[in-house]
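S.K.: Data: upload-v6.cif, mmCIF, C-alpha atoms.
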```
data_work
loop_
_atom_site.label_atom_id
_atom_site.label_comp_id
_atom_site.auth_asym_id
_atom_site.auth_seq_id
_atom_site.Cartn_x
_atom_site.Cartn_y
_atom_site.Cartn_z
CA MET A 152 138.26 121.08 158.18
CA THR A 153 139.82 117.70 157.48
CA GLU A 154 138.57 114.24 158.43
CA GLU A 155 141.51 113.99 160.86
CA VAL A 156 140.32 117.07 162.74
CA SER A 157 136.72 115.83 162.81
CA ARG A 158 137.78 112.57 164.42
CA LYS A 159 139.05 114.47 167.47
CA GLN A 160 135.50 115.61 168.21
CA ASN A 161 132.39 113.76 169.26
CA PHE A 162 128.75 114.63 168.70
CA ARG A 163 128.28 115.95 172.24
CA GLN A 164 131.13 118.41 171.73
CA LEU A 165 129.48 119.58 168.53
CA GLY A 166 126.45 120.61 170.57
CA LEU A 167 123.92 117.84 169.98
CA SER A 168 121.52 116.92 172.78
CA LYS A 169 122.48 114.10 175.13
CA TRP A 170 119.46 112.02 174.09
CA LEU A 171 120.37 112.37 170.42
CA VAL A 172 124.00 111.38 171.03
CA GLU A 173 122.69 108.27 172.80
CA SER A 174 120.40 107.55 169.85
CA LEU A 175 123.32 107.89 167.43
CA ASP A 176 125.42 105.65 169.66
CA ALA A 177 122.70 102.98 169.58
CA MET A 178 122.93 103.14 165.77
CA ARG A 179 126.74 102.77 166.06
CA ILE A 180 127.30 106.28 164.74
CA ARG A 181 129.90 107.71 167.10
CA THR A 182 132.44 109.68 165.07
CA PRO A 183 131.37 112.82 163.19
CA THR A 184 132.35 113.11 159.54
CA ALA A 185 133.86 116.31 158.19
CA ILE A 186 130.53 117.66 156.89
CA GLN A 187 128.94 117.00 160.28
CA SER A 188 131.77 118.61 162.25
CA GLY A 189 131.78 121.59 159.92
CA CYS A 190 128.05 122.31 159.76
CA ILE A 191 126.39 121.19 163.01
CA PRO A 192 127.89 123.90 165.31
CA GLU A 193 127.11 126.70 162.84
CA ILE A 194 123.53 125.53 162.29
CA LEU A 195 123.05 125.41 166.05
CA LYS A 196 124.16 129.06 166.16
CA GLY A 197 121.20 129.91 163.94
CA ARG A 198 123.02 130.36 160.65
CA ASP A 199 121.67 129.46 157.23
CA CYS A 200 123.98 126.92 155.65
CA ILE A 201 125.13 125.46 152.35
CA GLY A 202 126.84 122.11 152.86
CA GLY A 203 128.69 120.33 150.07
CA ALA A 204 130.11 116.84 150.44
CA LYS A 205 130.37 113.76 148.26
CA THR A 206 127.82 110.97 148.34
CA GLY A 207 127.92 108.82 151.46
CA SER A 208 129.56 111.45 153.68
CA GLY A 209 126.76 111.79 156.25
CA LYS A 210 124.94 114.89 155.05
CA THR A 211 121.58 113.82 156.50
CA ILE A 212 122.86 113.81 160.08
CA ALA A 213 124.61 117.13 159.40
CA PHE A 214 121.18 118.79 159.12
CA ALA A 215 119.00 116.36 161.10
CA GLY A 216 121.24 116.56 164.20
CA PRO A 217 120.85 120.26 164.91
CA MET A 218 117.18 120.27 163.85
CA LEU A 219 116.33 117.46 166.27
CA THR A 220 118.40 119.03 169.04
CA GLN A 221 116.56 122.35 168.83
CA TRP A 222 113.18 120.70 168.32
CA SER A 223 113.60 118.69 171.53
CA GLU A 224 113.85 121.89 173.53
CA ASP A 225 110.25 122.74 172.56
CA PRO A 226 108.70 119.74 170.75
CA THR A 227 105.43 121.23 169.50
CA GLY A 228 103.85 121.83 166.10
CA MET A 229 105.45 121.68 162.67
CA PHE A 230 109.14 122.35 163.24
CA GLY A 231 110.98 121.51 160.03
CA ILE A 232 110.50 120.60 156.38
CA VAL A 233 112.94 118.62 154.25
CA LEU A 234 112.41 118.76 150.49
CA THR A 235 114.16 116.27 148.25
CA PRO A 236 113.77 115.35 144.56
CA THR A 237 112.76 111.67 144.69
CA ARG A 238 110.31 109.55 146.63
CA GLU A 239 112.93 106.96 147.56
CA LEU A 240 115.27 109.56 149.01
CA ALA A 241 112.39 111.13 150.93
CA MET A 242 111.49 107.73 152.37
CA GLN A 243 115.09 107.14 153.40
CA ILE A 244 115.35 110.52 155.14
CA ALA A 245 112.01 109.97 156.90
CA GLU A 246 113.25 106.62 158.19
CA GLN A 247 116.40 108.27 159.53
CA PHE A 248 114.47 111.04 161.32
CA THR A 249 112.09 108.45 162.79
CA ALA A 250 114.95 106.27 163.98
CA LEU A 251 116.93 109.16 165.46
CA GLY A 252 113.87 110.57 167.26
CA SER A 253 112.40 107.28 168.42
CA TYR A 254 113.32 108.00 172.06
CA MET A 255 111.33 111.24 171.93
CA ASN A 256 108.03 110.18 170.31
CA ILE A 257 108.80 112.16 167.19
CA ARG A 258 106.06 112.55 164.57
CA VAL A 259 107.35 112.44 160.99
CA ALA A 260 105.10 112.81 157.94
CA LEU A 261 106.16 111.48 154.54
CA VAL A 262 104.50 113.50 151.77
CA VAL A 263 105.34 112.07 148.35
CA GLY A 264 103.59 111.14 145.11
CA GLY A 265 102.11 107.70 144.63
CA GLU A 266 100.56 107.58 148.11
CA SER A 267 97.06 108.47 149.35
CA ILE A 268 96.49 112.24 149.30
CA VAL A 269 93.70 111.85 151.87
CA ASP A 270 95.92 109.93 154.32
CA GLN A 271 98.66 112.52 153.91
CA ALA A 272 96.21 115.36 154.54
CA LEU A 273 95.14 113.68 157.77
CA GLN A 274 98.78 113.33 158.80
CA LEU A 275 99.40 117.02 158.11
CA GLN A 276 96.31 118.01 160.11
CA ARG A 277 97.86 116.28 163.13
CA LYS A 278 100.76 118.78 162.93
CA PRO A 279 103.76 116.43 162.55
CA HIS A 280 107.05 117.74 163.90
CA PHE A 281 108.89 117.10 160.64
CA ILE A 282 107.65 116.81 157.07
CA ILE A 283 109.80 115.00 154.53
CA ALA A 284 108.44 115.69 151.06
CA THR A 285 108.90 115.89 147.33
CA PRO A 286 108.08 119.41 146.12
CA GLY A 287 105.31 118.37 143.72
CA ARG A 288 103.20 116.56 146.29
CA LEU A 289 103.68 119.15 149.05
CA ALA A 290 102.77 121.92 146.58
CA HIS A 291 99.61 119.97 145.72
CA HIS A 292 98.56 119.96 149.39
CA ILE A 293 99.34 123.67 149.77
CA LEU A 294 97.18 124.51 146.77
CA ASN A 295 94.31 122.09 147.46
CA SER A 296 94.15 120.75 151.01
CA GLY A 297 93.02 123.80 152.97
CA GLU A 298 94.19 125.85 155.94
CA ASP A 299 93.46 123.12 158.51
CA THR A 300 95.94 120.89 156.70
CA VAL A 301 98.79 123.22 155.80
CA GLY A 302 98.30 126.22 158.11
CA GLY A 303 100.98 124.93 160.47
CA LEU A 304 103.60 125.47 157.76
CA LYS A 305 103.57 129.18 158.61
CA ARG A 306 105.38 128.42 161.87
CA VAL A 307 108.16 126.07 160.79
CA LYS A 308 111.66 126.92 161.96
CA TYR A 309 113.69 125.02 159.33
CA LEU A 310 113.60 124.46 155.59
CA VAL A 311 116.08 121.95 154.16
CA LEU A 312 116.73 121.42 150.46
CA ASP A 313 118.47 118.07 150.13
CA GLU A 314 120.14 117.46 146.75
CA ALA A 315 119.75 121.22 146.36
CA ASP A 316 121.41 121.36 142.95
CA ILE A 317 118.55 119.30 141.51
CA LEU A 318 115.79 121.14 143.38
CA LEU A 319 117.06 124.51 142.10
CA THR A 320 116.63 123.50 138.45
CA GLU A 321 113.74 124.51 136.22
CA THR A 322 112.05 121.14 136.71
CA PHE A 323 111.13 121.95 140.30
CA SER A 324 110.95 125.76 140.16
CA ASN A 325 107.15 126.20 140.24
CA ASP A 326 106.53 123.62 142.94
CA LEU A 327 109.44 124.89 145.01
CA LYS A 328 108.09 128.45 144.79
CA THR A 329 104.69 127.22 146.02
CA CYS A 330 106.26 125.36 148.94
CA VAL A 331 108.51 128.22 150.05
CA GLY A 332 105.60 130.67 149.70
CA ALA A 333 103.67 128.79 152.39
CA LEU A 334 106.51 129.09 154.93
CA PRO A 335 107.58 131.95 157.19
CA PRO A 336 109.73 134.60 155.46
CA LYS A 337 113.40 133.65 155.26
CA GLU A 338 114.41 136.04 158.03
CA LYS A 339 112.17 134.04 160.42
CA ARG A 340 113.42 130.55 159.56
CA GLN A 341 116.69 128.78 158.92
CA THR A 342 117.37 127.53 155.41
CA LEU A 343 119.81 124.67 154.90
CA LEU A 344 120.99 123.48 151.48
CA PHE A 345 122.92 120.23 151.12
CA THR A 346 124.31 118.75 147.95
CA ALA A 347 127.01 116.55 146.48
CA THR A 348 127.44 118.98 143.58
CA ILE A 349 127.88 122.72 144.15
CA THR A 350 126.35 124.19 140.97
CA ASP A 351 126.25 127.80 139.81
CA GLN A 352 122.67 128.12 141.06
CA VAL A 353 123.77 126.99 144.52
CA ARG A 354 126.85 129.23 144.54
CA ALA A 355 124.73 132.24 143.54
CA LEU A 356 122.96 132.03 146.90
CA GLN A 357 126.23 132.90 148.64
CA ASP A 358 126.09 136.37 147.09
CA ALA A 359 122.57 137.16 148.30
CA PRO A 360 122.36 140.12 150.73
CA VAL A 361 122.29 139.25 154.44
CA GLN A 362 118.80 139.58 155.92
CA LYS A 363 118.32 142.10 158.69
CA GLY A 364 118.78 140.45 162.06
CA LYS A 365 120.37 137.33 160.55
CA GLN A 366 123.93 136.09 160.57
CA PRO A 367 125.82 135.70 157.28
CA LEU A 368 125.24 132.52 155.31
CA PHE A 369 127.66 129.73 156.25
CA CYS A 370 129.08 127.72 153.35
CA TYR A 371 131.08 124.56 153.93
CA GLU A 372 132.59 122.24 151.33
CA VAL A 373 134.45 119.05 152.18
CA GLU A 374 137.67 118.45 150.22
CA ASN A 375 136.50 120.81 147.50
CA VAL A 376 133.60 118.68 146.31
CA ASP A 377 133.91 119.56 142.65
CA ASN A 378 137.55 118.49 142.38
CA VAL A 379 137.14 115.11 144.07
CA ALA A 380 134.70 113.63 141.61
CA ILE A 381 135.03 109.90 142.34
CA PRO A 382 136.68 107.97 145.16
CA SER A 383 140.07 106.32 144.69
CA THR A 384 138.46 102.95 145.52
CA LEU A 385 136.30 103.11 142.37
CA ASN A 386 137.52 101.28 139.27
CA THR A 387 136.12 102.81 136.05
CA GLU A 388 136.04 100.68 132.89
CA TYR A 389 134.27 100.59 129.53
CA VAL A 390 133.02 98.01 127.06
CA LEU A 391 132.67 98.83 123.35
CA VAL A 392 129.25 97.46 122.41
CA PRO A 393 127.25 97.34 119.15
CA GLU A 394 123.86 98.95 119.89
CA HIS A 395 121.76 95.99 118.73
CA VAL A 396 123.38 93.42 121.05
CA LYS A 397 123.71 95.41 124.26
CA GLU A 398 121.42 93.03 126.16
CA ALA A 399 123.64 90.04 125.32
CA TYR A 400 126.75 91.86 126.54
CA LEU A 401 124.93 92.83 129.73
CA TYR A 402 123.83 89.28 130.45
CA GLN A 403 127.32 87.96 129.80
CA LEU A 404 128.85 90.56 132.12
CA LEU A 405 126.38 89.86 134.93
CA THR A 406 126.99 86.11 134.71
CA CYS A 407 130.76 86.08 134.15
CA GLU A 408 132.96 84.63 136.86
CA SER A 409 133.92 88.03 138.28
CA TYR A 410 130.34 89.26 138.78
CA ALA A 411 128.14 86.15 138.96
CA ASN A 412 127.39 86.81 142.63
CA SER A 413 127.84 90.58 142.75
CA THR A 414 125.13 93.06 143.67
CA ALA A 415 124.72 95.47 140.78
CA ILE A 416 122.75 98.54 139.71
CA ILE A 417 122.20 98.98 135.97
CA PHE A 418 121.41 102.56 134.97
CA VAL A 419 119.34 103.32 131.88
CA ASN A 420 118.07 106.62 130.51
CA ARG A 421 114.46 105.62 129.78
CA THR A 422 111.70 103.80 131.66
CA THR A 423 110.94 101.60 128.64
CA ALA A 424 114.53 100.36 128.58
CA ALA A 425 114.30 99.55 132.28
CA GLU A 426 111.18 97.46 131.75
CA VAL A 427 112.58 95.60 128.74
CA LEU A 428 115.75 94.73 130.63
CA ARG A 429 113.85 93.67 133.76
CA ARG A 430 111.67 91.24 131.83
CA THR A 431 114.56 89.98 129.70
CA LEU A 432 116.87 89.28 132.64
CA LYS A 433 114.06 87.75 134.69
CA ALA A 434 113.39 85.30 131.85
CA LEU A 435 117.11 84.42 131.97
CA ASP A 436 116.87 83.57 135.69
CA VAL A 437 118.67 86.66 136.98
CA ARG A 438 117.25 87.84 140.34
CA VAL A 439 116.26 91.31 139.21
CA ALA A 440 114.16 94.29 140.34
CA SER A 441 113.56 97.66 138.72
CA LEU A 442 113.05 101.25 139.84
CA HIS A 443 111.72 104.07 137.71
CA SER A 444 109.26 106.95 137.89
CA GLN A 445 106.40 105.23 136.02
CA MET A 446 106.09 102.37 138.50
CA PRO A 447 103.33 102.45 141.13
CA GLN A 448 104.75 103.56 144.46
CA GLN A 449 104.18 100.21 146.17
CA GLU A 450 106.16 98.44 143.44
CA ARG A 451 108.98 100.98 143.80
CA THR A 452 109.07 100.41 147.54
CA ASN A 453 109.00 96.63 147.13
CA SER A 454 111.88 96.79 144.63
CA MET A 455 114.04 98.74 147.07
CA HIS A 456 113.24 96.32 149.89
CA ARG A 457 114.03 93.30 147.71
CA PHE A 458 117.33 94.77 146.58
CA ARG A 459 118.41 95.82 150.08
CA ALA A 460 117.51 92.34 151.38
CA ASN A 461 119.42 90.69 148.49
CA ALA A 462 116.25 88.97 147.28
CA ALA A 463 117.21 90.68 144.03
CA ARG A 464 120.92 91.02 143.29
CA VAL A 465 120.43 93.30 140.27
CA LEU A 466 118.50 96.58 140.26
CA ILE A 467 117.68 98.21 136.94
CA ALA A 468 117.05 101.91 137.45
CA THR A 469 116.65 105.27 135.85
CA ASP A 470 118.28 108.22 137.58
CA VAL A 471 115.61 108.06 140.28
CA ALA A 472 118.21 105.86 142.04
CA SER A 473 121.33 107.86 141.24
CA ARG A 474 120.99 110.34 144.11
CA GLY A 475 121.63 109.85 147.79
CA LEU A 476 120.13 106.41 148.33
CA ASP A 477 121.98 104.43 150.97
CA ILE A 478 122.49 100.98 149.47
CA PRO A 479 125.82 100.03 151.05
CA THR A 480 126.34 96.59 149.48
CA VAL A 481 126.50 97.55 145.79
CA GLU A 482 129.64 96.10 144.19
CA LEU A 483 129.02 96.98 140.54
CA VAL A 484 127.44 99.88 138.67
CA ILE A 485 126.77 99.46 134.94
CA ASN A 486 126.01 102.50 132.82
CA TYR A 487 123.96 100.62 130.23
CA ASP A 488 123.07 104.01 128.75
CA ILE A 489 125.55 106.87 129.02
CA PRO A 490 124.11 110.00 130.67
CA SER A 491 124.30 113.35 128.90
CA ASP A 492 125.48 115.13 132.06
CA PRO A 493 128.90 114.07 133.43
CA ASP A 494 127.72 114.86 136.98
CA THR A 495 125.00 112.23 136.56
CA PHE A 496 127.74 109.69 135.82
CA ILE A 497 129.42 110.70 139.10
CA HIS A 498 126.21 110.28 141.10
CA ARG A 499 125.45 106.94 139.48
CA SER A 500 128.95 105.67 140.18
CA GLY A 501 128.60 106.89 143.76
CA ARG A 502 126.20 104.00 144.44
CA THR A 503 129.29 101.78 144.77
CA ALA A 504 132.75 102.19 146.35
CA ARG A 505 131.18 103.85 149.40
CA ALA A 506 132.75 104.32 152.84
CA GLY A 507 136.17 103.09 151.71
CA ARG A 508 134.93 99.91 150.02
CA LYS A 509 136.02 98.99 146.50
CA GLY A 510 133.62 98.99 143.58
CA ASP A 511 133.49 98.88 139.78
CA ALA A 512 131.69 101.20 137.38
CA ILE A 513 131.48 99.83 133.82
CA SER A 514 130.12 101.88 130.93
CA PHE A 515 128.67 100.44 127.73
CA ILE A 516 129.89 102.62 124.88
CA THR A 517 128.23 102.57 121.46
CA GLN A 518 129.35 104.59 118.47
CA ARG A 519 127.00 107.41 119.50
CA ASP A 520 128.48 107.81 123.00
CA VAL A 521 132.04 108.92 122.26
CA SER A 522 131.53 112.63 122.93
CA ARG A 523 129.69 111.89 126.17
CA ILE A 524 132.51 109.65 127.38
CA GLU A 525 135.08 112.32 126.56
CA ALA A 526 133.09 114.84 128.62
CA ILE A 527 132.87 112.39 131.53
CA GLU A 528 136.60 111.64 131.43
CA ALA A 529 137.34 115.37 131.44
CA ARG A 530 135.01 115.85 134.42
CA ILE A 531 136.49 113.02 136.52
CA ASN A 532 140.02 113.87 135.35
CA MET A 533 140.90 110.31 134.43
CA LYS A 534 140.70 107.87 131.53
CA MET A 535 138.59 104.74 131.74
CA THR A 536 140.28 101.43 131.03
CA GLU A 537 138.85 98.73 128.78
CA CYS A 538 137.03 95.93 130.56
CA ASP A 539 138.48 92.50 129.77
CA LYS A 540 135.71 90.38 131.29
CA VAL A 541 133.51 90.14 128.18
CA HIS A 542 134.77 89.02 124.77
CA ASP A 543 132.91 89.13 121.46
CA THR A 544 133.17 85.43 120.67
CA ALA A 545 131.94 84.46 124.13
CA VAL A 546 128.96 86.80 123.82
CA ILE A 547 127.99 85.39 120.45
CA ARG A 548 128.50 81.76 121.44
CA LYS A 549 126.97 81.75 124.90
CA ALA A 550 124.44 84.53 125.15
CA LEU A 551 123.14 86.07 121.94
CA THR A 552 120.54 83.49 120.89
CA LYS A 553 118.81 82.99 124.23
CA VAL A 554 119.03 86.69 125.18
CA SER A 555 117.50 87.72 121.84
CA LYS A 556 114.65 85.25 122.38
CA ALA A 557 114.03 86.56 125.91
CA LYS A 558 114.03 90.17 124.66
CA ARG A 559 111.54 89.37 121.87
CA GLU A 560 109.18 87.77 124.38
CA ALA A 561 109.55 90.75 126.70
CA LEU A 562 108.67 93.20 123.93
CA MET A 563 105.67 91.11 122.86
CA ALA A 564 104.37 90.96 126.43
CA MET A 565 104.80 94.70 126.89
CA GLU A 566 102.94 95.39 123.65
CA LYS A 567 100.13 93.06 124.71
CA GLU A 568 99.88 94.89 128.04
CA ASN A 569 99.90 98.32 126.35
CA PHE A 570 102.92 99.33 128.41
CA GLY A 571 103.44 102.52 126.40
CA GLU A 572 99.78 103.56 126.76
CA ARG A 573 99.91 102.95 130.48
CA ARG A 574 102.95 105.19 130.68
CA LYS A 575 101.13 107.99 128.83
CA LEU A 576 98.13 107.74 131.14
CA GLN A 577 100.40 107.74 134.19
CA LYS A 578 102.24 110.80 132.84
CA ARG A 579 98.99 112.69 132.32
CA LYS A 580 97.85 111.75 135.83
CA THR A 581 101.21 112.83 137.24
CA GLN A 582 100.96 116.22 135.58
CA LYS A 583 97.37 116.63 136.77
CA ASP A 584 98.24 115.82 140.37
CA GLY A 585 101.33 118.00 140.36
CA LYS A 586 103.61 115.09 141.13
CA ARG A 587 107.20 115.13 139.88
CA VAL A 588 108.58 111.73 140.77
#
```
Step by step, read the file and then write its structure as structure tokens.
M.R.:
Amino acid sequence: MTEEVSRKQNFRQLGLSKWLVESLDAMRIRTPTAIQSGCIPEILKGRDCIGGAKTGSGKTIAFAGPMLTQWSEDPTGMFGIVLTPTRELAMQIAEQFTALGSYMNIRVALVVGGESIVDQALQLQRKPHFIIATPGRLAHHILNSGEDTVGGLKRVKYLVLDEADILLTETFSNDLKTCVGALPPKEKRQTLLFTATITDQVRALQDAPVQKGKQPLFCYEVENVDNVAIPSTLNTEYVLVPEHVKEAYLYQLLTCESYANSTAIIFVNRTTAAEVLRRTLKALDVRVASLHSQMPQQERTNSMHRFRANAARVLIATDVASRGLDIPTVELVINYDIPSDPDTFIHRSGRTARAGRKGDAISFITQRDVSRIEAIEARINMKMTECDKVHDTAVIRKALTKVSKAKREALMAMEKENFGERRKLQKRKTQKDGKRV
């Protein structure tokens, strides 16, 4: 189904409840996207579904709409569970469910790492209608919180895997198995998988035998997701950078005339790099926040709020922020570190140039990154162009000395605070509690 066809329909014609259409209208969401037009009617018919569409295409409403519609016909007990790989994405989905169901006194529980296990157990005991969770924390409750807390899971009608390609990897396999094991058998619930990347693991589910009494699995991809890797409004460029002066090039790029006022996300591969850059840029008077898995949850939440409110114009993040987060004002994405997986590059770049807006994605390439860049260019089927906004002489003259001083001070402060030791303790605690992100 094309976008043109979807525009001829409205949400009421797709089968959503009148109250929900009014709620969407109040949020100025009036025209279904292709993924919504394709999936909502089939989900309402009771079919399991795999939905594939690029970032920013409205996948959340594609599964939340039919779930809320059917829940409102008998709004009791635990009705649906949405599992997603990161805390921030879970928080975003929970906010959307709460907003959409505000007219109907909906009860939504957010079950993620970094928050009070006791408070979450009390929420679960009150039988929320919808649970939005990361697999690690929900699995922890299933294994440790008792029947009074998780017994209601045996009656849920829906299981959603959002960013399914990530959830179906080895990283989440044990926790996912624990979560699914606490639910009704698959013939007694609907299972919905949504993703921006249809992987082999996701495709394999299409070949599974049809359960007795169930309709065949419905699979819907918008514009052949895998072939439309990045939007036409995204400009992809690179900067050749010596490894030891990357921070100076970054500072010069963020403060050049073209980007001095732009909102930007800088992606790094390691939490230590994120912390070094945050402290360095802060010392250089850049309004900066960071987001990575080793931060306390309250700090992660505060960083997102600051960035969305433009109190910080630069967000330094690991790939915790590369998936699904709705940050509509991002004008620039910088791949400070090049990811090993080309699909990760696509998801990072998808934080900008959303909903028809223009955006830039600039990659810092060192001598060790050539093969990774070649793989990315093959995946997106285009060559990056060289960025002309930063020049070697300007970097050396304007930035190198003060950036190097700021970095040295950042490293000294981190060593004094035992940043690495704190990370190790946090990692051990994470593993003990069964938390993933």
S.K.: Tell me, in Å to one decimal, how far atom CA of A:Leu251 is from atom CA of A:Ser174.
M.R.: 5.8 Å
S.K.: Counting all atoms listed in the file, what are the residues of stretch 163-208 of chain A within 7 Å of stretch 216-234 of chain A, and for each of them which pair of atoms is the nearest and at what distance in Å, to one decimal? Sort the table by chain and rising number, as CSV.
M.R.:
```
residue,atom,partner,partner_atom,distance
A:Leu167,CA,A:Thr220,CA,5.7
A:Ser168,CA,A:Thr220,CA,5.3
A:Ile191,CA,A:Pro217,CA,5.9
A:Ile194,CA,A:Pro217,CA,6.5
A:Leu195,CA,A:Pro217,CA,5.7
```
S.K.: Keeping C-alpha atoms, export the residues of the selection given above as a PDB file, in the coordinates of the input.
M.R.:
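Here's the written file selection.pdb:
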```pdb
ATOM      1  CA  LEU A 167     123.920 117.840 169.980  1.00  0.00           C
ATOM      2  CA  SER A 168     121.520 116.920 172.780  1.00  0.00           C
ATOM      3  CA  ILE A 191     126.390 121.190 163.010  1.00  0.00           C
ATOM      4  CA  ILE A 194     123.530 125.530 162.290  1.00  0.00           C
ATOM      5  CA  LEU A 195     123.050 125.410 166.050  1.00  0.00           C
TER       6      LEU A 195
END
```
S.K.: Do you have the atom CA of A:Leu175-atom CA of A:Ile201 distance handy?
M.R.: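 Rounded to one decimal, the two atoms are 23.2 Å apart.
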S.K.: Using the chain letters and numbering of this document, enumerate as a CSV table (one decimal) with C-alpha atoms, in the frame of the given file the residues selected by the PyMOL selection byres ((chain A and resi 257) around 9).
M.R.:
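Saved to part_1.csv:
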```csv
chain,number,residue,atom,x,y,z
A,226,PRO,CA,108.7,119.7,170.8
A,248,PHE,CA,114.5,111.0,161.3
A,249,THR,CA,112.1,108.4,162.8
A,251,LEU,CA,116.9,109.2,165.5
A,252,GLY,CA,113.9,110.6,167.3
A,253,SER,CA,112.4,107.3,168.4
A,254,TYR,CA,113.3,108.0,172.1
A,255,MET,CA,111.3,111.2,171.9
A,256,ASN,CA,108.0,110.2,170.3
A,258,ARG,CA,106.1,112.6,164.6
A,259,VAL,CA,107.4,112.4,161.0
A,279,PRO,CA,103.8,116.4,162.6
A,280,HIS,CA,107.0,117.7,163.9
A,281,PHE,CA,108.9,117.1,160.6
```
S.K.: Got a sec to resolve the PyMOL selection byres ((chain A and resi 349-351) around 8) on this structure and send the residues as a VMD selection string?
M.R.: chain A and resid 203 316 346 to 348 352 to 355 376 to 377
S.K.: Let me know the residues the PyMOL selection byres ((chain A and resi 370) around 7) catches in the file above, as a list in words.
M.R.: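 Going through the file, the PyMOL selection byres ((chain A and resi 370) around 7) ends up selecting Cys200, Ile201, Gly202, Leu368, Phe369, Tyr371 and Glu372 of chain A.
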S.K.: Take atom CA of A:Arg288 and atom CA of A:Ala241 and report the distance between them in Å, one decimal.
M.R.: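 Taking atom CA of A:Arg288 as the start and atom CA of A:Ala241 as the end point, the length is 11.6 Å.
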